[in-house]
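Asks: Take a look at upload-v1.csv, CSV, C-alpha atoms:
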chain,number,residue,atom,x,y,z
T,183,MET,CA,38.4,-41.0,165.0
T,184,PHE,CA,40.9,-43.8,164.4
T,185,GLY,CA,38.3,-46.4,163.5
T,186,PHE,CA,40.8,-49.0,162.6
T,187,MET,CA,40.7,-49.9,166.3
T,188,ARG,CA,37.0,-50.9,166.0
T,189,LYS,CA,36.1,-54.1,164.4
T,190,SER,CA,32.3,-54.4,164.5
T,191,ILE,CA,31.0,-55.0,161.0
T,192,SER,CA,27.4,-56.1,161.5
T,193,ILE,CA,24.4,-53.9,162.4
T,194,PRO,CA,22.7,-55.1,165.6
T,195,THR,CA,19.0,-55.8,165.8
T,196,ALA,CA,16.8,-53.6,167.9
T,197,LYS,CA,16.8,-56.4,170.6
T,198,ASP,CA,20.6,-56.5,170.7
T,199,ALA,CA,21.3,-52.8,170.3
T,200,MET,CA,22.2,-50.5,173.2
T,201,THR,CA,19.3,-48.9,175.0
T,202,GLY,CA,20.2,-45.3,174.5
T,203,ARG,CA,18.2,-42.5,176.2
T,204,ASP,CA,14.9,-40.6,175.9
T,205,LEU,CA,16.4,-37.1,175.7
T,206,PRO,CA,18.9,-35.7,173.1
T,207,ILE,CA,22.5,-35.3,174.1
T,208,PRO,CA,23.8,-31.7,174.2
T,209,THR,CA,25.2,-30.2,171.1
T,210,ALA,CA,26.4,-26.8,169.8
T,211,PRO,CA,23.7,-24.1,169.5
T,212,ALA,CA,25.2,-22.5,166.3
T,213,HIS,CA,27.4,-23.4,163.3
T,214,PHE,CA,31.0,-22.6,164.1
T,215,VAL,CA,31.7,-21.3,160.6
T,216,THR,CA,28.4,-19.4,159.7
T,217,SER,CA,26.9,-18.8,163.2
T,218,ALA,CA,23.5,-20.1,161.8
T,219,PRO,CA,21.4,-22.0,164.4
T,220,LEU,CA,22.4,-25.6,164.2
T,221,LYS,CA,18.9,-27.0,164.9
T,222,GLY,CA,17.0,-24.3,163.1
T,223,PRO,CA,14.7,-22.8,162.4
T,224,TYR,CA,16.0,-23.0,158.9
T,225,PRO,CA,15.1,-20.5,156.1
T,226,GLU,CA,11.8,-20.9,154.4
T,227,GLY,CA,12.2,-23.1,151.3
T,228,ALA,CA,15.3,-24.8,152.5
T,229,GLU,CA,15.6,-28.6,152.0
T,230,MET,CA,17.5,-31.2,153.9
T,231,ALA,CA,19.8,-34.1,152.9
T,232,VAL,CA,21.7,-36.6,155.0
T,233,PHE,CA,24.8,-38.4,153.8
T,234,GLY,CA,27.1,-41.0,155.4
T,235,LEU,CA,30.6,-41.2,153.9
T,236,GLY,CA,33.0,-42.2,156.6
T,237,CYS,CA,34.5,-40.1,159.4
T,238,PHE,CA,32.1,-37.2,159.7
T,239,TRP,CA,34.7,-34.7,160.5
T,240,GLY,CA,36.0,-34.6,156.9
T,241,ALA,CA,32.7,-35.4,155.4
T,242,GLU,CA,31.1,-32.3,156.9
T,243,ARG,CA,33.8,-30.1,155.5
T,244,LYS,CA,33.1,-31.3,152.0
T,245,PHE,CA,29.7,-29.7,152.2
T,246,TRP,CA,29.8,-26.5,154.2
T,247,HIS,CA,32.0,-24.8,151.5
T,248,LEU,CA,29.4,-25.3,148.8
T,249,PRO,CA,27.5,-22.3,147.6
T,250,GLY,CA,23.8,-22.7,148.5
T,251,VAL,CA,24.5,-24.9,151.6
T,252,LEU,CA,23.0,-23.0,154.5
T,253,VAL,CA,23.8,-25.3,157.5
T,254,THR,CA,25.7,-28.5,158.1
T,255,ALA,CA,25.8,-30.7,161.2
T,256,VAL,CA,27.2,-34.0,162.1
T,257,GLY,CA,25.3,-36.8,163.8
T,258,TYR,CA,24.2,-40.4,163.9
T,259,ALA,CA,21.5,-42.2,161.9
T,260,GLY,CA,20.5,-45.6,160.6
T,261,GLY,CA,20.5,-47.6,163.8
T,262,PRO,CA,17.9,-48.5,166.4
T,263,THR,CA,19.5,-46.8,169.5
T,264,PRO,CA,17.8,-43.5,170.3
T,265,ASN,CA,20.0,-40.5,171.2
T,266,PRO,CA,23.3,-42.3,171.2
T,267,THR,CA,26.7,-40.8,172.3
T,268,TYR,CA,29.8,-40.9,170.2
T,269,ASP,CA,31.4,-43.5,172.4
T,270,GLU,CA,28.3,-45.7,172.1
T,271,VAL,CA,28.2,-45.4,168.3
T,272,CYS,CA,31.9,-46.4,168.2
T,273,THR,CA,31.1,-49.7,169.9
T,274,GLY,CA,29.1,-50.8,166.9
T,275,ARG,CA,26.2,-51.7,169.2
T,276,THR,CA,23.9,-48.8,168.2
T,277,GLY,CA,23.8,-49.6,164.5
T,278,HIS,CA,24.3,-46.0,163.5
T,279,THR,CA,26.6,-44.6,160.8
T,280,GLU,CA,28.3,-41.2,161.1
T,281,VAL,CA,26.3,-38.8,158.9
T,282,VAL,CA,26.2,-35.2,157.8
T,283,LEU,CA,22.9,-33.2,157.8
T,284,VAL,CA,23.0,-30.7,154.9
T,285,VAL,CA,20.4,-27.9,154.8
T,286,PHE,CA,20.5,-26.3,151.4
T,287,ASP,CA,18.8,-23.7,149.2
T,288,PRO,CA,17.5,-25.6,146.2
T,289,GLY,CA,17.3,-22.4,144.2
T,290,THR,CA,21.1,-22.1,144.5
T,291,ILE,CA,22.4,-25.7,144.5
T,292,SER,CA,20.7,-28.8,143.3
T,293,TYR,CA,20.3,-32.1,145.1
T,294,ASP,CA,22.2,-33.7,142.2
T,295,ALA,CA,25.2,-31.4,143.0
T,296,LEU,CA,25.2,-32.6,146.6
T,297,LEU,CA,25.0,-36.2,145.3
T,298,LYS,CA,28.0,-35.6,143.1
T,299,THR,CA,30.0,-34.2,146.0
T,300,PHE,CA,28.9,-37.2,148.1
T,301,TRP,CA,30.0,-39.8,145.5
T,302,GLU,CA,33.3,-38.2,144.6
T,303,SER,CA,34.4,-37.6,148.2
T,304,HIS,CA,34.7,-41.2,149.4
T,305,ASN,CA,35.0,-44.8,148.2
T,306,PRO,CA,31.4,-46.2,148.2
T,307,THR,CA,32.5,-49.8,147.4
T,308,GLN,CA,34.0,-50.7,150.8
T,309,GLY,CA,31.1,-51.9,152.9
T,310,MET,CA,31.5,-51.4,156.6
T,311,ARG,CA,34.6,-49.3,156.3
T,312,GLN,CA,36.2,-46.2,154.7
T,313,GLY,CA,39.9,-46.7,154.2
T,314,ASN,CA,41.5,-47.6,157.6
T,315,ASP,CA,38.4,-46.7,159.4
T,316,VAL,CA,36.5,-50.0,160.0
T,317,GLY,CA,33.1,-50.5,161.6
T,318,THR,CA,29.4,-50.0,161.0
T,319,GLN,CA,29.7,-46.3,161.8
T,320,TYR,CA,31.8,-45.8,158.6
T,321,ARG,CA,29.4,-47.3,156.1
T,322,SER,CA,28.2,-45.3,153.1
T,323,ALA,CA,24.6,-44.1,153.2
T,324,ILE,CA,22.1,-41.7,151.6
T,325,TYR,CA,19.0,-41.0,153.6
T,326,THR,CA,16.3,-39.3,151.6
T,327,PHE,CA,13.4,-36.9,152.5
T,328,SER,CA,11.2,-37.3,149.5
T,329,GLU,CA,10.4,-39.6,146.6
T,330,ARG,CA,12.3,-37.1,144.3
T,331,GLN,CA,15.4,-37.4,146.4
T,332,ALA,CA,15.1,-41.2,146.5
T,333,GLU,CA,14.8,-41.4,142.7
T,334,ALA,CA,17.7,-39.0,142.2
T,335,ALA,CA,19.9,-41.0,144.7
T,336,GLN,CA,19.1,-44.3,143.0
T,337,LEU,CA,19.8,-42.9,139.5
T,338,SER,CA,23.1,-41.4,140.6
T,339,LYS,CA,24.1,-44.7,142.2
T,340,THR,CA,23.4,-46.5,138.9
T,341,SER,CA,25.4,-44.0,137.0
T,342,TYR,CA,28.3,-44.0,139.3
T,343,ASP,CA,28.3,-47.8,139.6
T,344,ALA,CA,28.7,-48.0,135.8
T,345,ALA,CA,31.5,-45.4,135.9
T,346,LEU,CA,33.4,-47.3,138.6
T,347,LYS,CA,32.9,-50.6,136.8
T,348,ALA,CA,34.4,-49.1,133.7
T,349,GLN,CA,37.5,-48.3,135.8
T,350,GLY,CA,37.7,-51.9,137.1
T,351,MET,CA,36.4,-51.1,140.6
T,352,GLY,CA,33.9,-53.0,142.7
T,353,ARG,CA,30.2,-52.5,143.1
T,354,ILE,CA,28.7,-49.8,145.3
T,355,THR,CA,27.6,-50.8,148.7
T,356,THR,CA,25.9,-47.6,149.7
T,357,GLU,CA,22.7,-47.9,151.6
T,358,ILE,CA,19.8,-45.7,150.3
T,359,ALA,CA,16.7,-45.4,152.5
T,360,SER,CA,14.1,-43.0,153.7
T,361,ALA,CA,15.6,-40.7,156.3
T,362,PRO,CA,15.5,-42.2,159.8
T,363,PRO,CA,15.8,-40.0,162.9
T,364,PHE,CA,18.9,-37.8,162.9
T,365,TYR,CA,20.7,-37.5,166.2
T,366,PHE,CA,23.0,-34.5,166.6
T,367,ALA,CA,26.5,-35.3,167.7
T,368,GLU,CA,28.2,-33.7,170.6
T,369,ALA,CA,29.3,-30.1,170.4
T,370,TYR,CA,33.0,-30.8,169.9
T,371,HIS,CA,32.3,-32.8,166.8
T,372,GLN,CA,30.4,-30.0,165.0
T,373,GLN,CA,32.6,-28.4,162.3
T,374,TYR,CA,35.5,-30.1,163.9
T,375,LEU,CA,38.0,-29.4,161.1
T,376,ALA,CA,37.1,-25.7,161.1
T,377,LYS,CA,38.2,-25.6,164.8
T,378,ASN,CA,41.1,-28.0,164.2
T,379,PRO,CA,42.4,-27.5,160.6
T,380,ASP,CA,45.1,-30.1,161.0
T,381,GLY,CA,42.7,-32.7,162.5
T,382,TYR,CA,42.2,-36.2,161.3
T,383,CYS,CA,40.4,-36.8,158.0
T,384,GLY,CA,40.3,-40.3,156.7
T,385,LEU,CA,38.3,-39.6,153.5
T,386,GLY,CA,39.7,-40.4,150.1
T,387,GLY,CA,37.7,-40.5,146.8
T,388,THR,CA,38.1,-43.0,144.0
T,389,GLY,CA,39.3,-40.4,141.5
T,390,VAL,CA,36.4,-41.3,139.2
T,391,SER,CA,34.0,-38.5,138.3
T,392,CYS,CA,30.3,-39.0,138.9
T,393,PRO,CA,28.4,-38.3,135.7
T,394,ILE,CA,25.4,-36.4,137.1
T,395,GLY,CA,24.3,-32.8,136.8
T,396,THR,CA,25.5,-29.9,139.0
T,397,GLY,CA,23.0,-27.2,138.2
T,398,VAL,CA,20.3,-25.4,140.2
T,399,GLY,CA,17.1,-27.1,141.3
T,400,ALA,CA,16.6,-30.1,143.5
Kindly return the structure encoded in the file as structure tokens.

Replies:
Amino acid sequence: MFGFMRKSISIPTAKDAMTGRDLPIPTAPAHFVTSAPLKGPYPEGAEMAVFGLGCFWGAERKFWHLPGVLVTAVGYAGGPTPNPTYDEVCTGRTGHTEVVLVVFDPGTISYDALLKTFWESHNPTQGMRQGNDVGTQYRSAIYTFSERQAEAAQLSKTSYDAALKAQGMGRITTEIASAPPFYFAEAYHQQYLAKNPDGYCGLGGTGVSCPIGTGVGA
């Protein structure tokens, strides 16, 4: 990943963004860890969540171990370029951030529990960066699929902002918005750290606990 080599820190407008392409880029057919179909169909009653918290290799690993998480996939979201490649995203000219799609069983794990994992797995106060990884593709983001998710995300942000402030840390810069198109990343990025256990992971949390629930029910 090595994002410290990339210095773009502003999101391009649709006019200035890369053109992209009409068709999706190829990705893996199945999850490397669980063998579940990466693009579905997903089990009846399953829900989706999308989170951006820095380098998506390490970010995805934070979620696939959680009980109740059915499928994870890495991809790109939040920018105007359709169906971008990884190299294009890394230029900063697509406007996308690296994200993780989480498909989960709300009867086993709550959306709040996913939010807690999200907040505690990275530093959400850093703007267009995560540690040494610098660029628009490393910004913190929560993309929501319902009013209920949007409300929960905003409430958790307020709670965690207060917890961070109490520890003398800066304000949260996380983007919260309705889910834009999710573009699956290339096959080699999917479950990368399961295939390469000693691979790069630039994530580091703040050490501050997020005071939200971890029970069942989204």

Asks: When you look at Leu385 (chain T) with a cut-off of 10 Å (counting only C-alpha atoms), what residues show up, excluding the ones that are within fewer than 6 positions of it in the same chain? I need them as a VMD selection string.

Replies: chain T and resid 235 to 241 244 303 to 305 312 to 315

Asks: Go ahead and save the picked residues with C-alpha atoms, as a short mmCIF file (atom, residue, chain, number, x, y, z; two decimals), keeping the file's coordinate frame.

Replies:
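See again32.cif below for the written result:
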data_model
loop_
_atom_site.label_atom_id
_atom_site.label_comp_id
_atom_site.auth_asym_id
_atom_site.auth_seq_id
_atom_site.Cartn_x
_atom_site.Cartn_y
_atom_site.Cartn_z
CA LEU T 235 30.60 -41.20 153.90
CA GLY T 236 33.00 -42.20 156.60
CA CYS T 237 34.50 -40.10 159.40
CA PHE T 238 32.10 -37.20 159.70
CA TRP T 239 34.70 -34.70 160.50
CA GLY T 240 36.00 -34.60 156.90
CA ALA T 241 32.70 -35.40 155.40
CA LYS T 244 33.10 -31.30 152.00
CA SER T 303 34.40 -37.60 148.20
CA HIS T 304 34.70 -41.20 149.40
CA ASN T 305 35.00 -44.80 148.20
CA GLN T 312 36.20 -46.20 154.70
CA GLY T 313 39.90 -46.70 154.20
CA ASN T 314 41.50 -47.60 157.60
CA ASP T 315 38.40 -46.70 159.40
#

Asks: Within 9 Å of Ile358 (chain T), counting all atoms listed in the file, which residues show up once you throw out same-chain ones fewer than 4 positions away? Write them as number ranges by chain, please.

Replies: T: 322-326, 332, 335-336

Asks: For CA of Glu280 (chain T) and CA of Pro225 (chain T), quote the distance in Å rounded to one decimal.

Replies: 25.1 Å

Asks: Could you give me, as a PyMOL selection string, the residues within 6 Å of region 199-214 of chain T, counting all atoms listed in the file and dropping anything in the same chain fewer than 6 positions from it?

Replies: chain T and resi 220+263-266+275-276+368-369

Asks: Nearest to Gln349 (chain T): which of T:Pro219, T:Gly389, T:Gly274, T:Gly260 is it, counting all atoms listed in the file?

Replies: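 Of the candidates, the smallest distance to Gln349 (chain T) is held by T:Gly389.
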
Asks: T:Asn378, T:Thr195, T:Thr388, T:Thr279: which is nearest Pro362 (chain T), counting all atoms listed in the file?

Replies: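 Checking each candidate against Pro362 (chain T), we get T:Thr279 as the closest.
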
Asks: To one decimal in Å, tell me the separation between CA of Thr267 (chain T) and CA of Gly317 (chain T).

Replies: 15.8 Å

Asks: List as an MDAnalysis selection string the residues having at least one atom at most 7 Å from position (27.4, -38.8, 141.2) as given in the file, counting only C-alpha atoms.

Replies: chainID T and resid 297:298 301:302 338:339 341:342 392:394

Asks: Go ahead and compute the interatomic distance for CA of Ser360 (chain T) and CA of Ile193 (chain T), in Å to one decimal.

Replies: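 Computing it gives 17.3 Å between the two atoms.
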
Asks: Just want the 12 Å neighbourhood of Phe286 (chain T), counted on all atoms listed in the file, with same-chain residues fewer than 5 positions away dropped. Output as a PyMOL selection string.

Replies: chain T and resi 224-232+245-255+291-296+398-400

Asks: Would you kindly return, as a PDB file with C-alpha atoms, in the coordinates of the input, each protein, DNA or RNA residue with an atom no farther than 12 Å from any atom of Ser192 (chain T), considering all atoms listed in the file and excluding same-chain residues fewer than 2 positions away?

Replies:
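Below is the file selection-v4.pdb, written as the result:
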ATOM      1  CA  ARG T 188      37.000 -50.900 166.000  1.00  0.00           C
ATOM      2  CA  LYS T 189      36.100 -54.100 164.400  1.00  0.00           C
ATOM      3  CA  SER T 190      32.300 -54.400 164.500  1.00  0.00           C
ATOM      4  CA  PRO T 194      22.700 -55.100 165.600  1.00  0.00           C
ATOM      5  CA  THR T 195      19.000 -55.800 165.800  1.00  0.00           C
ATOM      6  CA  ASP T 198      20.600 -56.500 170.700  1.00  0.00           C
ATOM      7  CA  ALA T 199      21.300 -52.800 170.300  1.00  0.00           C
ATOM      8  CA  GLY T 261      20.500 -47.600 163.800  1.00  0.00           C
ATOM      9  CA  THR T 273      31.100 -49.700 169.900  1.00  0.00           C
ATOM     10  CA  GLY T 274      29.100 -50.800 166.900  1.00  0.00           C
ATOM     11  CA  ARG T 275      26.200 -51.700 169.200  1.00  0.00           C
ATOM     12  CA  THR T 276      23.900 -48.800 168.200  1.00  0.00           C
ATOM     13  CA  GLY T 277      23.800 -49.600 164.500  1.00  0.00           C
ATOM     14  CA  HIS T 278      24.300 -46.000 163.500  1.00  0.00           C
ATOM     15  CA  THR T 279      26.600 -44.600 160.800  1.00  0.00           C
ATOM     16  CA  GLY T 309      31.100 -51.900 152.900  1.00  0.00           C
ATOM     17  CA  MET T 310      31.500 -51.400 156.600  1.00  0.00           C
ATOM     18  CA  ARG T 311      34.600 -49.300 156.300  1.00  0.00           C
ATOM     19  CA  VAL T 316      36.500 -50.000 160.000  1.00  0.00           C
ATOM     20  CA  GLY T 317      33.100 -50.500 161.600  1.00  0.00           C
ATOM     21  CA  THR T 318      29.400 -50.000 161.000  1.00  0.00           C
ATOM     22  CA  GLN T 319      29.700 -46.300 161.800  1.00  0.00           C
ATOM     23  CA  TYR T 320      31.800 -45.800 158.600  1.00  0.00           C
ATOM     24  CA  ARG T 321      29.400 -47.300 156.100  1.00  0.00           C
TER      25      ARG T 321
END

Asks: For Ala259 (chain T), which residue out of T:Gly350, T:Gly234, T:Gly384, T:Gly289 is the nearest one, using all atoms listed in the file?

Replies: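 Using all atoms listed in the file, Ala259 (chain T) sits closest to T:Gly234.
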